[in-house]
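Trainee: Structure supplied as coords27.cif; contents: mmCIF, C-alpha atoms and all ligand atoms; chains and numbers go by the auth columns.
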```
data_model
#
loop_
_atom_site.group_PDB
_atom_site.id
_atom_site.type_symbol
_atom_site.label_atom_id
_atom_site.label_comp_id
_atom_site.label_asym_id
_atom_site.label_seq_id
_atom_site.Cartn_x
_atom_site.Cartn_y
_atom_site.Cartn_z
_atom_site.B_iso_or_equiv
_atom_site.auth_seq_id
_atom_site.auth_asym_id
ATOM 1 C CA MET A 1 -5.045 -3.374 -9.591 0.00 1 A
ATOM 2 C CA SER A 2 -1.928 -2.792 -11.639 0.00 2 A
ATOM 3 C CA ASN A 3 -0.671 0.555 -12.920 0.00 3 A
ATOM 4 C CA SER A 4 -2.447 2.542 -10.225 0.00 4 A
ATOM 5 C CA LEU A 5 -1.326 5.675 -8.441 0.00 5 A
ATOM 6 C CA ILE A 6 -2.726 5.205 -4.945 0.00 6 A
ATOM 7 C CA ILE A 7 -3.168 8.373 -2.870 0.00 7 A
ATOM 8 C CA ALA A 8 -2.553 7.880 0.868 0.00 8 A
ATOM 9 C CA LEU A 9 -5.344 9.744 2.674 0.00 9 A
ATOM 10 C CA ASP A 10 -3.316 10.316 5.827 0.00 10 A
ATOM 11 C CA PHE A 11 -5.730 12.856 7.286 0.00 11 A
ATOM 12 C CA ALA A 12 -7.052 13.313 10.833 0.00 12 A
ATOM 13 C CA ASN A 13 -10.744 13.126 9.961 0.00 13 A
ATOM 14 C CA LYS A 14 -13.400 13.021 7.236 0.00 14 A
ATOM 15 C CA LYS A 15 -13.708 16.796 7.092 0.00 15 A
ATOM 16 C CA GLU A 16 -10.095 17.094 5.951 0.00 16 A
ATOM 17 C CA VAL A 17 -10.651 14.293 3.422 0.00 17 A
ATOM 18 C CA ASP A 18 -13.701 16.065 1.985 0.00 18 A
ATOM 19 C CA ILE A 19 -11.768 19.323 1.562 0.00 19 A
ATOM 20 C CA PHE A 20 -8.934 17.442 -0.156 0.00 20 A
ATOM 21 C CA LEU A 21 -11.202 15.454 -2.495 0.00 21 A
ATOM 22 C CA SER A 22 -13.277 18.503 -3.441 0.00 22 A
ATOM 23 C CA GLN A 23 -10.316 19.575 -5.587 0.00 23 A
ATOM 24 C CA PHE A 24 -10.572 16.446 -7.741 0.00 24 A
ATOM 25 C CA GLU A 25 -14.089 16.986 -9.100 0.00 25 A
ATOM 26 C CA GLN A 26 -15.448 13.782 -10.686 0.00 26 A
ATOM 27 C CA GLU A 27 -12.102 11.961 -11.027 0.00 27 A
ATOM 28 C CA GLN A 28 -12.215 8.348 -9.843 0.00 28 A
ATOM 29 C CA LEU A 29 -9.212 7.643 -7.669 0.00 29 A
ATOM 30 C CA PHE A 30 -7.486 4.770 -5.899 0.00 30 A
ATOM 31 C CA LEU A 31 -7.418 5.907 -2.260 0.00 31 A
ATOM 32 C CA LYS A 32 -5.588 4.453 0.711 0.00 32 A
ATOM 33 C CA VAL A 33 -7.265 4.671 4.107 0.00 33 A
ATOM 34 C CA GLY A 34 -4.729 4.036 6.852 0.00 34 A
ATOM 35 C CA MET A 35 -4.754 3.748 10.615 0.00 35 A
ATOM 36 C CA GLU A 36 -5.021 7.476 11.374 0.00 36 A
ATOM 37 C CA LEU A 37 -8.237 7.999 9.408 0.00 37 A
ATOM 38 C CA PHE A 38 -9.828 4.587 10.013 0.00 38 A
ATOM 39 C CA TYR A 39 -9.306 4.703 13.771 0.00 39 A
ATOM 40 C CA LYS A 40 -11.043 8.095 13.842 0.00 40 A
ATOM 41 C CA GLU A 41 -13.920 7.537 11.432 0.00 41 A
ATOM 42 C CA GLY A 42 -14.382 3.751 11.342 0.00 42 A
ATOM 43 C CA PRO A 43 -16.191 1.861 8.552 0.00 43 A
ATOM 44 C CA SER A 44 -18.350 4.877 7.609 0.00 44 A
ATOM 45 C CA ILE A 45 -15.369 6.501 5.881 0.00 45 A
ATOM 46 C CA ILE A 46 -15.106 3.461 3.590 0.00 46 A
ATOM 47 C CA ALA A 47 -18.810 3.627 2.747 0.00 47 A
ATOM 48 C CA ALA A 48 -18.539 7.356 1.985 0.00 48 A
ATOM 49 C CA LEU A 49 -15.582 6.873 -0.379 0.00 49 A
ATOM 50 C CA LYS A 50 -17.166 3.857 -2.077 0.00 50 A
ATOM 51 C CA GLU A 51 -20.308 5.879 -2.704 0.00 51 A
ATOM 52 C CA LYS A 52 -18.158 8.146 -4.895 0.00 52 A
ATOM 53 C CA ASN A 53 -16.894 5.080 -6.785 0.00 53 A
ATOM 54 C CA HIS A 54 -13.292 5.352 -5.630 0.00 54 A
ATOM 55 C CA GLN A 55 -11.213 2.167 -5.290 0.00 55 A
ATOM 56 C CA ILE A 56 -9.973 1.584 -1.760 0.00 56 A
ATOM 57 C CA PHE A 57 -6.838 0.164 -0.174 0.00 57 A
ATOM 58 C CA LEU A 58 -7.609 -0.360 3.538 0.00 58 A
ATOM 59 C CA ASP A 59 -4.092 -0.241 4.975 0.00 59 A
ATOM 60 C CA LEU A 60 -4.257 -1.592 8.541 0.00 60 A
ATOM 61 C CA LYS A 61 -1.095 -3.762 8.281 0.00 61 A
ATOM 62 C CA LEU A 62 -2.397 -6.633 10.389 0.00 62 A
ATOM 63 C CA HIS A 63 0.190 -8.563 12.422 0.00 63 A
ATOM 64 C CA ASP A 64 -1.275 -10.881 15.079 0.00 64 A
ATOM 65 C CA ILE A 65 -2.005 -14.557 15.702 0.00 65 A
ATOM 66 C CA PRO A 66 -3.643 -16.358 12.752 0.00 66 A
ATOM 67 C CA ASN A 67 -7.106 -16.620 14.327 0.00 67 A
ATOM 68 C CA THR A 68 -7.285 -12.910 15.181 0.00 68 A
ATOM 69 C CA VAL A 69 -6.114 -11.874 11.713 0.00 69 A
ATOM 70 C CA LYS A 70 -8.594 -14.254 10.085 0.00 70 A
ATOM 71 C CA SER A 71 -11.518 -12.785 12.071 0.00 71 A
ATOM 72 C CA ALA A 72 -10.446 -9.191 11.473 0.00 72 A
ATOM 73 C CA MET A 73 -10.059 -9.813 7.756 0.00 73 A
ATOM 74 C CA ARG A 74 -13.568 -11.267 7.581 0.00 74 A
ATOM 75 C CA ASN A 75 -14.903 -7.949 8.867 0.00 75 A
ATOM 76 C CA MET A 76 -12.614 -5.921 6.591 0.00 76 A
ATOM 77 C CA ALA A 77 -13.758 -7.864 3.503 0.00 77 A
ATOM 78 C CA SER A 78 -17.376 -7.151 4.374 0.00 78 A
ATOM 79 C CA LEU A 79 -16.639 -3.427 3.866 0.00 79 A
ATOM 80 C CA GLY A 80 -16.158 -4.093 0.143 0.00 80 A
ATOM 81 C CA VAL A 81 -12.621 -2.706 -0.114 0.00 81 A
ATOM 82 C CA ASP A 82 -10.331 -3.599 -3.026 0.00 82 A
ATOM 83 C CA LEU A 83 -6.996 -4.143 -1.287 0.00 83 A
ATOM 84 C CA VAL A 84 -5.796 -4.949 2.263 0.00 84 A
ATOM 85 C CA ASN A 85 -2.436 -5.768 3.825 0.00 85 A
ATOM 86 C CA VAL A 86 -0.616 -7.646 6.579 0.00 86 A
ATOM 87 C CA HIS A 87 3.001 -7.818 7.767 0.00 87 A
ATOM 88 C CA ALA A 88 4.796 -10.801 6.197 0.00 88 A
ATOM 89 C CA ALA A 89 6.701 -11.143 9.493 0.00 89 A
ATOM 90 C CA GLY A 90 3.469 -12.573 10.959 0.00 90 A
ATOM 91 C CA GLY A 91 4.304 -15.768 9.074 0.00 91 A
ATOM 92 C CA ILE A 92 2.672 -18.150 6.600 0.00 92 A
ATOM 93 C CA PRO A 93 -0.140 -19.447 8.897 0.00 93 A
ATOM 94 C CA MET A 94 -1.135 -15.853 9.683 0.00 94 A
ATOM 95 C CA MET A 95 -1.169 -14.917 5.996 0.00 95 A
ATOM 96 C CA GLN A 96 -3.213 -18.021 5.144 0.00 96 A
ATOM 97 C CA GLY A 97 -5.603 -17.051 7.949 0.00 97 A
ATOM 98 C CA ALA A 98 -5.914 -13.591 6.366 0.00 98 A
ATOM 99 C CA LEU A 99 -6.970 -15.142 3.062 0.00 99 A
ATOM 100 C CA GLU A 100 -9.475 -17.472 4.750 0.00 100 A
ATOM 101 C CA GLY A 101 -11.020 -14.505 6.568 0.00 101 A
ATOM 102 C CA LEU A 102 -11.199 -12.464 3.374 0.00 102 A
ATOM 103 C CA GLU A 103 -12.879 -15.291 1.498 0.00 103 A
ATOM 104 C CA ALA A 104 -15.398 -15.776 4.317 0.00 104 A
ATOM 105 C CA GLY A 105 -16.215 -12.074 4.513 0.00 105 A
ATOM 106 C CA THR A 106 -16.473 -11.208 0.815 0.00 106 A
ATOM 107 C CA LEU A 107 -20.029 -10.313 -0.094 0.00 107 A
ATOM 108 C CA SER A 108 -21.660 -12.649 -2.584 0.00 108 A
ATOM 109 C CA GLY A 109 -21.224 -11.424 -6.133 0.00 109 A
ATOM 110 C CA SER A 110 -18.159 -9.375 -5.154 0.00 110 A
ATOM 111 C CA LYS A 111 -14.490 -10.039 -5.787 0.00 111 A
ATOM 112 C CA ARG A 112 -12.302 -10.951 -2.789 0.00 112 A
ATOM 113 C CA PRO A 113 -10.057 -8.006 -1.861 0.00 113 A
ATOM 114 C CA ASP A 114 -6.471 -8.483 -3.004 0.00 114 A
ATOM 115 C CA CYS A 115 -4.134 -9.067 -0.064 0.00 115 A
ATOM 116 C CA ILE A 116 -0.502 -7.991 0.016 0.00 116 A
ATOM 117 C CA ALA A 117 2.191 -8.269 2.700 0.00 117 A
ATOM 118 C CA VAL A 118 4.617 -5.622 3.915 0.00 118 A
ATOM 119 C CA THR A 119 8.192 -6.911 3.582 0.00 119 A
ATOM 120 C CA GLN A 120 10.454 -4.294 5.151 0.00 120 A
ATOM 121 C CA LEU A 121 8.859 -0.871 5.714 0.00 121 A
ATOM 122 C CA THR A 122 10.175 1.811 3.359 0.00 122 A
ATOM 123 C CA SER A 123 11.238 3.806 6.439 0.00 123 A
ATOM 124 C CA THR A 124 13.690 1.036 7.408 0.00 124 A
ATOM 125 C CA SER A 125 17.359 1.181 6.395 0.00 125 A
ATOM 126 C CA GLU A 126 19.573 -1.883 6.078 0.00 126 A
ATOM 127 C CA GLU A 127 21.531 -0.756 9.150 0.00 127 A
ATOM 128 C CA GLN A 128 18.375 -0.359 11.260 0.00 128 A
ATOM 129 C CA MET A 129 17.059 -3.751 10.139 0.00 129 A
ATOM 130 C CA GLN A 130 20.323 -5.464 11.058 0.00 130 A
ATOM 131 C CA GLN A 131 20.720 -3.719 14.420 0.00 131 A
ATOM 132 C CA GLN A 132 17.110 -3.574 15.611 0.00 132 A
ATOM 133 C CA GLN A 133 15.573 -6.693 14.051 0.00 133 A
ATOM 134 C CA LEU A 134 18.798 -8.719 14.264 0.00 134 A
ATOM 135 C CA ILE A 135 18.358 -9.807 10.646 0.00 135 A
ATOM 136 C CA ASN A 136 21.969 -10.250 9.606 0.00 136 A
ATOM 137 C CA VAL A 137 21.591 -10.355 5.838 0.00 137 A
ATOM 138 C CA PRO A 138 21.435 -7.574 3.233 0.00 138 A
ATOM 139 C CA LEU A 139 18.045 -5.804 3.219 0.00 139 A
ATOM 140 C CA LEU A 140 17.333 -7.060 -0.305 0.00 140 A
ATOM 141 C CA ASP A 141 17.669 -10.672 0.883 0.00 141 A
ATOM 142 C CA SER A 142 15.214 -10.057 3.704 0.00 142 A
ATOM 143 C CA VAL A 143 12.703 -8.458 1.319 0.00 143 A
ATOM 144 C CA LEU A 144 13.105 -11.335 -1.176 0.00 144 A
ATOM 145 C CA HIS A 145 12.633 -13.889 1.602 0.00 145 A
ATOM 146 C CA TYR A 146 9.451 -12.200 2.821 0.00 146 A
ATOM 147 C CA ALA A 147 8.216 -12.036 -0.781 0.00 147 A
ATOM 148 C CA SER A 148 8.824 -15.787 -1.166 0.00 148 A
ATOM 149 C CA ILE A 149 6.850 -16.745 1.951 0.00 149 A
ATOM 150 C CA THR A 150 4.101 -14.323 0.915 0.00 150 A
ATOM 151 C CA LYS A 151 3.857 -16.119 -2.426 0.00 151 A
ATOM 152 C CA GLU A 152 3.903 -19.493 -0.640 0.00 152 A
ATOM 153 C CA ALA A 153 0.982 -18.380 1.543 0.00 153 A
ATOM 154 C CA GLY A 154 -0.993 -17.553 -1.603 0.00 154 A
ATOM 155 C CA LEU A 155 -1.232 -13.762 -1.271 0.00 155 A
ATOM 156 C CA ASN A 156 -1.394 -11.473 -4.306 0.00 156 A
ATOM 157 C CA GLY A 157 1.849 -9.593 -3.736 0.00 157 A
ATOM 158 C CA VAL A 158 3.926 -7.394 -1.466 0.00 158 A
ATOM 159 C CA VAL A 159 4.555 -3.867 -0.275 0.00 159 A
ATOM 160 C CA CYS A 160 8.234 -3.079 -0.805 0.00 160 A
ATOM 161 C CA SER A 161 10.318 -0.177 -2.051 0.00 161 A
ATOM 162 C CA THR A 162 10.928 0.516 -5.728 0.00 162 A
ATOM 163 C CA LEU A 163 14.563 -0.469 -5.160 0.00 163 A
ATOM 164 C CA GLU A 164 13.613 -4.136 -4.594 0.00 164 A
ATOM 165 C CA ALA A 165 10.729 -4.451 -7.072 0.00 165 A
ATOM 166 C CA GLY A 166 12.805 -5.605 -10.057 0.00 166 A
ATOM 167 C CA ALA A 167 14.475 -8.409 -8.085 0.00 167 A
ATOM 168 C CA ILE A 168 11.078 -9.548 -6.758 0.00 168 A
ATOM 169 C CA ARG A 169 9.611 -9.701 -10.270 0.00 169 A
ATOM 170 C CA GLU A 170 12.628 -11.727 -11.399 0.00 170 A
ATOM 171 C CA LYS A 171 12.399 -14.164 -8.496 0.00 171 A
ATOM 172 C CA ILE A 172 8.642 -14.515 -7.971 0.00 172 A
ATOM 173 C CA GLY A 173 7.175 -13.614 -11.369 0.00 173 A
ATOM 174 C CA THR A 174 5.385 -10.780 -13.095 0.00 174 A
ATOM 175 C CA ASP A 175 1.872 -11.684 -11.905 0.00 175 A
ATOM 176 C CA PHE A 176 2.886 -10.986 -8.272 0.00 176 A
ATOM 177 C CA LEU A 177 1.982 -7.423 -7.219 0.00 177 A
ATOM 178 C CA THR A 178 4.665 -4.998 -6.070 0.00 178 A
ATOM 179 C CA VAL A 179 3.108 -1.950 -4.408 0.00 179 A
ATOM 180 C CA THR A 180 5.644 0.719 -3.543 0.00 180 A
ATOM 181 C CA PRO A 181 5.344 3.653 -1.128 0.00 181 A
ATOM 182 C CA GLY A 182 8.336 5.935 -0.518 0.00 182 A
ATOM 183 C CA ILE A 183 7.634 7.713 -3.813 0.00 183 A
ATOM 184 C CA ARG A 184 9.052 11.215 -4.199 0.00 184 A
ATOM 185 C CA LEU A 185 9.880 13.589 -7.030 0.00 185 A
ATOM 186 C CA ASP A 186 13.584 14.503 -7.174 0.00 186 A
ATOM 187 C CA SER A 187 12.821 17.908 -5.614 0.00 187 A
ATOM 188 C CA ASP A 188 10.719 16.524 -2.702 0.00 188 A
ATOM 189 C CA ASN A 189 11.625 16.215 0.960 0.00 189 A
ATOM 190 C CA VAL A 190 11.944 12.496 1.832 0.00 190 A
ATOM 191 C CA GLN A 191 10.732 13.096 5.442 0.00 191 A
ATOM 192 C CA ASP A 192 10.732 9.815 7.443 0.00 192 A
ATOM 193 C CA GLN A 193 11.106 7.601 4.373 0.00 193 A
ATOM 194 C CA VAL A 194 14.478 5.936 3.703 0.00 194 A
ATOM 195 C CA ARG A 195 14.146 3.775 0.577 0.00 195 A
ATOM 196 C CA VAL A 196 12.702 6.310 -1.847 0.00 196 A
ATOM 197 C CA ALA A 197 12.407 6.605 -5.610 0.00 197 A
ATOM 198 C CA THR A 198 10.658 8.678 -8.258 0.00 198 A
ATOM 199 C CA PRO A 199 7.537 7.531 -10.154 0.00 199 A
ATOM 200 C CA LYS A 200 9.725 7.235 -13.282 0.00 200 A
ATOM 201 C CA LYS A 201 12.136 4.883 -11.510 0.00 201 A
ATOM 202 C CA ALA A 202 9.163 2.855 -10.219 0.00 202 A
ATOM 203 C CA LYS A 203 7.875 2.448 -13.769 0.00 203 A
ATOM 204 C CA GLU A 204 11.335 1.459 -15.029 0.00 204 A
ATOM 205 C CA ASN A 205 11.635 -1.170 -12.272 0.00 205 A
ATOM 206 C CA GLY A 206 8.297 -2.760 -13.210 0.00 206 A
ATOM 207 C CA VAL A 207 6.416 -1.713 -10.054 0.00 207 A
ATOM 208 C CA SER A 208 2.685 -2.629 -10.178 0.00 208 A
ATOM 209 C CA SER A 209 1.336 0.407 -8.313 0.00 209 A
ATOM 210 C CA ILE A 210 2.790 3.361 -6.433 0.00 210 A
ATOM 211 C CA VAL A 211 1.557 4.917 -3.176 0.00 211 A
ATOM 212 C CA VAL A 212 1.956 8.685 -2.739 0.00 212 A
ATOM 213 C CA GLY A 213 0.968 10.585 0.392 0.00 213 A
ATOM 214 C CA ARG A 214 2.305 13.864 1.670 0.00 214 A
ATOM 215 C CA SER A 215 3.870 15.039 -1.596 0.00 215 A
ATOM 216 C CA ILE A 216 0.286 15.325 -2.862 0.00 216 A
ATOM 217 C CA THR A 217 -1.841 15.720 0.267 0.00 217 A
ATOM 218 C CA ARG A 218 0.366 18.383 1.933 0.00 218 A
ATOM 219 C CA SER A 219 1.215 20.216 -1.253 0.00 219 A
ATOM 220 C CA ALA A 220 0.171 23.856 -1.693 0.00 220 A
ATOM 221 C CA ASN A 221 -1.737 22.704 -4.772 0.00 221 A
ATOM 222 C CA PRO A 222 -2.688 19.029 -4.309 0.00 222 A
ATOM 223 C CA TYR A 223 -4.375 18.569 -7.678 0.00 223 A
ATOM 224 C CA GLU A 224 -1.417 20.027 -9.555 0.00 224 A
ATOM 225 C CA SER A 225 0.957 17.784 -7.569 0.00 225 A
ATOM 226 C CA TYR A 226 -1.247 14.763 -8.285 0.00 226 A
ATOM 227 C CA LEU A 227 -0.989 15.494 -12.023 0.00 227 A
ATOM 228 C CA LEU A 228 2.810 15.826 -11.800 0.00 228 A
ATOM 229 C CA PHE A 229 3.059 12.377 -10.168 0.00 229 A
ATOM 230 C CA LYS A 230 0.461 10.849 -12.463 0.00 230 A
ATOM 231 C CA ASN A 231 2.129 12.161 -15.611 0.00 231 A
ATOM 232 C CA GLU A 232 5.569 10.960 -14.529 0.00 232 A
ATOM 233 C CA TRP A 233 4.098 7.555 -13.536 0.00 233 A
ATOM 234 C CA GLU A 234 2.242 7.239 -16.820 0.00 234 A
ATOM 235 C CA GLY A 235 5.298 8.382 -18.770 0.00 235 A
ATOM 236 C CA VAL A 236 3.835 11.640 -20.060 0.00 236 A
ATOM 237 C CA THR A 237 6.165 14.614 -20.230 0.00 237 A
ATOM 238 C CA GLN A 238 4.652 18.064 -19.902 0.00 238 A
HETATM 239 O O1 LIG B . 1.665 -0.254 3.664 0.00 1 B
HETATM 240 C C1 LIG B . 1.897 0.922 3.342 0.00 1 B
HETATM 241 O O2 LIG B . 1.075 1.556 2.693 0.00 1 B
HETATM 242 C C2 LIG B . 3.234 1.474 3.644 0.00 1 B
HETATM 243 C C3 LIG B . 4.265 0.551 3.766 0.00 1 B
HETATM 244 C C4 LIG B . 5.591 1.001 3.814 0.00 1 B
HETATM 245 O O3 LIG B . 6.538 0.212 3.860 0.00 1 B
HETATM 246 N N1 LIG B . 5.833 2.343 3.796 0.00 1 B
HETATM 247 C C5 LIG B . 4.823 3.269 3.732 0.00 1 B
HETATM 248 O O4 LIG B . 5.136 4.471 3.703 0.00 1 B
HETATM 249 N N2 LIG B . 3.509 2.858 3.705 0.00 1 B
HETATM 250 C C6 LIG B . 2.413 3.856 3.696 0.00 1 B
HETATM 251 O O5 LIG B . 2.512 4.650 2.514 0.00 1 B
HETATM 252 C C7 LIG B . 2.227 6.023 2.795 0.00 1 B
HETATM 253 C C8 LIG B . 3.410 6.864 2.382 0.00 1 B
HETATM 254 O O6 LIG B . 3.125 8.208 2.627 0.00 1 B
HETATM 255 P P1 LIG B . 4.134 9.387 2.229 0.00 1 B
HETATM 256 O O7 LIG B . 5.471 9.078 2.817 0.00 1 B
HETATM 257 O O8 LIG B . 3.478 10.590 2.829 0.00 1 B
HETATM 258 O O9 LIG B . 4.160 9.415 0.714 0.00 1 B
HETATM 259 C C9 LIG B . 1.882 6.110 4.262 0.00 1 B
HETATM 260 O O10 LIG B . 0.458 6.108 4.376 0.00 1 B
HETATM 261 C C10 LIG B . 2.446 4.836 4.878 0.00 1 B
HETATM 262 O O11 LIG B . 1.645 4.360 5.941 0.00 1 B
#
```
What is this file in structure tokens?
Mentor:
Amino acid sequence: MSNSLIIALDFANKKEVDIFLSQFEQEQLFLKVGMELFYKEGPSIIAALKEKNHQIFLDLKLHDIPNTVKSAMRNMASLGVDLVNVHAAGGIPMMQGALEGLEAGTLSGSKRPDCIAVTQLTSTSEEQMQQQQLINVPLLDSVLHYASITKEAGLNGVVCSTLEAGAIREKIGTDFLTVTPGIRLDSDNVQDQVRVATPKKAKENGVSSIVVGRSITRSANPYESYLLFKNEWEGVTQ
């Protein structure tokens, strides 16, 4: 799942998703379904998107005891999604439980969904991390540490910001996924994100895939905005 531009479908319901996707015609997309949409529509939204041959990142950021995460992941794998995630702060046994659940739930003949772990949310600043999580090291060290335990647990990669992706590739290796939200064009409003970067910067830093939400979904012309991001990510100048 490298080199993808993943669109975050942070919409209230399926009706809004249908209106949004109607602008994309036949294009096959990599779509992220997060808590807002999944908690409203449930598994049927996944089935509807899969029917249109889109790839799906089911972003529920699990963080619970190992047994609960394992059982939840078994059910998530049975939906046939391509990518899921957990919080690395849940620890190695929890992440191993996630993988066991995914393996148990993957339909025969299908590929197990890739599993990645959130290191530090892209809305977190170094100051906030130190004061509110009492992690008294630079933010990069915390992200690198979470990436190391994620690798040790056997997961496919991490969610981080573009700013840490290069250091992760250097430390963990190039076959370890770095998926980066907090992507904005220079002219965009950063909103609640803190560690942001452009698609061009993400490409330069060796990011595997970028996640873009509101800059596309809330744009006056979503398809045009999608092309702007896609072209910058793919290195095409207009
Ligand atoms: O796991 C995620 O997808 C995620 C992790 C993270 O650290 N930061 C982050 O923004 N996200 C998600 O990425 C998307 C970013 O959306 P925008 O800020 O609108 O581009 C949202 O759906 C977030 O839930």
Trainee: Out of A:Pro43, A:Val17, A:Leu5, A:Leu83, which residue has the shortest atom-to-atom distance to Leu29 (chain A) when counting all atoms listed in the file?
Mentor: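 Answer, going by the shortest atom-to-atom distance: A:Leu5.
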Trainee: Sort by chain and increasing residue number a table of all residues of chain A within 8 Å of ligand LIG 1 (chain B), each with its closest pair of atoms and their distance in Å to one decimal, counting all atoms listed in the file, and write it as CSV.
Mentor:
```
residue,atom,partner,partner_atom,distance
A:Ala8,CA,B:LIG1,O10,5.0
A:Leu9,CA,B:LIG1,O10,7.1
A:Asp10,CA,B:LIG1,O10,5.8
A:Lys32,CA,B:LIG1,O10,7.3
A:Val33,CA,B:LIG1,O10,7.9
A:Gly34,CA,B:LIG1,O10,6.1
A:Met35,CA,B:LIG1,O11,7.9
A:Asp59,CA,B:LIG1,O1,5.9
A:Leu60,CA,B:LIG1,O1,7.8
A:Lys61,CA,B:LIG1,O1,6.4
A:Asn85,CA,B:LIG1,O1,6.9
A:Val118,CA,B:LIG1,O1,6.1
A:Thr119,CA,B:LIG1,O3,7.3
A:Gln120,CA,B:LIG1,O3,6.1
A:Leu121,CA,B:LIG1,O3,3.2
A:Thr122,CA,B:LIG1,O3,4.0
A:Ser123,CA,B:LIG1,N1,6.2
A:Val159,CA,B:LIG1,C3,6.0
A:Cys160,CA,B:LIG1,O3,6.0
A:Ser161,CA,B:LIG1,O3,7.0
A:Thr180,CA,B:LIG1,C4,7.4
A:Pro181,CA,B:LIG1,O5,4.7
A:Gly182,CA,B:LIG1,O7,5.4
A:Ile183,CA,B:LIG1,O9,6.0
A:Arg184,CA,B:LIG1,O9,7.2
A:Val190,CA,B:LIG1,O7,7.4
A:Gln191,CA,B:LIG1,O7,7.1
A:Asp192,CA,B:LIG1,O7,7.0
A:Gln193,CA,B:LIG1,O7,6.0
A:Val211,CA,B:LIG1,O5,5.8
A:Val212,CA,B:LIG1,O9,4.2
A:Gly213,CA,B:LIG1,O9,3.4
A:Arg214,CA,B:LIG1,O8,3.7
A:Ser215,CA,B:LIG1,O9,6.1
A:Ile216,CA,B:LIG1,O9,7.9
A:Thr217,CA,B:LIG1,O8,7.8
```
Trainee: Record the distance separating CA of Gly154 (chain A) and CA of Met94 (chain A), expressed in Å with one decimal.
Mentor: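 Taking CA of Gly154 (chain A) and CA of Met94 (chain A), their separation equals 11.4 Å.
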Trainee: Applied to the shown file, which residues does the PyMOL selection byres (((chain A and resi 102) around 10) and not hetatm) return, written as an NGL selection string?
Mentor: :A and (69-78 or 84 or 96-101 or 103-107 or 112-115)
Trainee: Using all atoms listed in the file, find the one residue out of A:Phe176, A:Phe57, A:Phe20, A:Tyr39 that sits nearest to Ser4 (chain A).
Mentor: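 The shortest atom-to-atom distance to Ser4 (chain A) comes from A:Phe57.
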Trainee: A:His63, A:Gln132, A:Lys52, A:Leu37: which is nearest Phe24 (chain A), counting only C-alpha atoms?
Mentor: A:Lys52
Trainee: Which of these, A:Leu163, A:Glu27, A:Ala147, A:Asp141, has the shortest distance to Leu177 (chain A) once you count only C-alpha atoms?
Mentor: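 Residue with the minimum atom-to-atom distance to Leu177 (chain A): A:Ala147.
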Trainee: Since I can't run it myself right now, could you work out what the PyMOL selection byres (((chain A and resi 28) around 12) and not hetatm) selects here and report it as a list in words?
Mentor: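 Checked against the file, the PyMOL selection byres (((chain A and resi 28) around 12) and not hetatm) matches Ser4, Leu5, Ile6, Ile7, Leu21, Phe24, Glu25, Gln26, Glu27, Leu29, Phe30, Leu31, Leu49, Lys50, Glu51, Lys52, Asn53, His54, Gln55 and Ile56 of chain A.
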Trainee: Ranking A:Ile116, A:Ala202, A:Ala89, A:Val194 by minimum distance to Ser142 (chain A) and counting all atoms listed in the file, which one comes first?
Mentor: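 Between A:Ile116, A:Ala202, A:Ala89, A:Val194, the residue approaching Ser142 (chain A) most closely is A:Ala89.
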Trainee: My list of candidates is A:Ala153, A:Val81, A:Leu134, A:Ala165. Which is closest to Ser208 (chain A) when distances are computed with all atoms listed in the file?
Mentor: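 Of all the options, A:Ala165 lies closest to Ser208 (chain A).
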Trainee: Would you tabulate, counting only C-alpha atoms, all residues of region 80-150 of chain A that have an atom at most 12 Å from an atom of region 172-175 of chain A, showing the closest pair of atoms and their distance in Å to one decimal, sorted by chain then ascending number, as a tab-separated table?
Mentor:
```
residue	atom	partner	partner_atom	distance
A:Val143	CA	A:Ile172	CA	11.8
A:Leu144	CA	A:Ile172	CA	8.7
A:His145	CA	A:Ile172	CA	10.4
A:Tyr146	CA	A:Ile172	CA	11.1
A:Ala147	CA	A:Ile172	CA	7.6
A:Ser148	CA	A:Ile172	CA	6.9
A:Ile149	CA	A:Ile172	CA	10.3
A:Thr150	CA	A:Ile172	CA	10.0
```
Trainee: What gap, in Å, lies between CA of Ile45 (chain A) and CA of Asn67 (chain A)?
Mentor: 26.0 Å
Trainee: Could you tell me how far CA of Leu79 (chain A) lies from CA of Ala47 (chain A), in Å and to one decimal?
Mentor: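 Rounded to one decimal, the two atoms are 7.5 Å apart.
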Trainee: Could you put an axis-aligned box around every listed atom of region 140-152 of chain A, padded by 6 Å on each side, and send me its centre and edge lengths in Å to one decimal, as AutoDock Vina command-line options?
Mentor:
```
--center_x 10.8 --center_y -13.3 --center_z 0.6 --size_x 25.8 --size_y 24.4 --size_z 18.1
```
Trainee: Going by the chain IDs and residue numbers used in this file, which residues fall under the PyMOL selection byres (((chain A and resi 3) around 9) and not hetatm)? Write them as a PyMOL selection string.
Mentor: chain A and resi 1-2+4-5+203+207-210+233-234
Trainee: Please rebuild region 159-163 of chain A with N, CA and C atoms and return the result as a PDB file, in the frame of the given file.
Mentor:
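As written to disk, rebuild-v7.pdb reads:
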```pdb
ATOM      1  N   VAL A 159       4.170  -5.269  -0.370  1.00  0.00           N
ATOM      2  CA  VAL A 159       4.555  -3.867  -0.275  1.00  0.00           C
ATOM      3  C   VAL A 159       6.071  -3.888  -0.083  1.00  0.00           C
ATOM      4  N   CYS A 160       6.773  -3.138  -0.903  1.00  0.00           N
ATOM      5  CA  CYS A 160       8.234  -3.079  -0.805  1.00  0.00           C
ATOM      6  C   CYS A 160       8.646  -1.698  -1.282  1.00  0.00           C
ATOM      7  N   SER A 161       9.941  -1.445  -1.428  1.00  0.00           N
ATOM      8  CA  SER A 161      10.318  -0.177  -2.051  1.00  0.00           C
ATOM      9  C   SER A 161      10.611  -0.452  -3.522  1.00  0.00           C
ATOM     10  N   THR A 162      10.614   0.614  -4.295  1.00  0.00           N
ATOM     11  CA  THR A 162      10.928   0.516  -5.728  1.00  0.00           C
ATOM     12  C   THR A 162      12.282  -0.159  -5.952  1.00  0.00           C
ATOM     13  N   LEU A 163      13.205   0.040  -4.995  1.00  0.00           N
ATOM     14  CA  LEU A 163      14.563  -0.469  -5.160  1.00  0.00           C
ATOM     15  C   LEU A 163      14.621  -1.996  -5.189  1.00  0.00           C
TER      16      LEU A 163
END
```
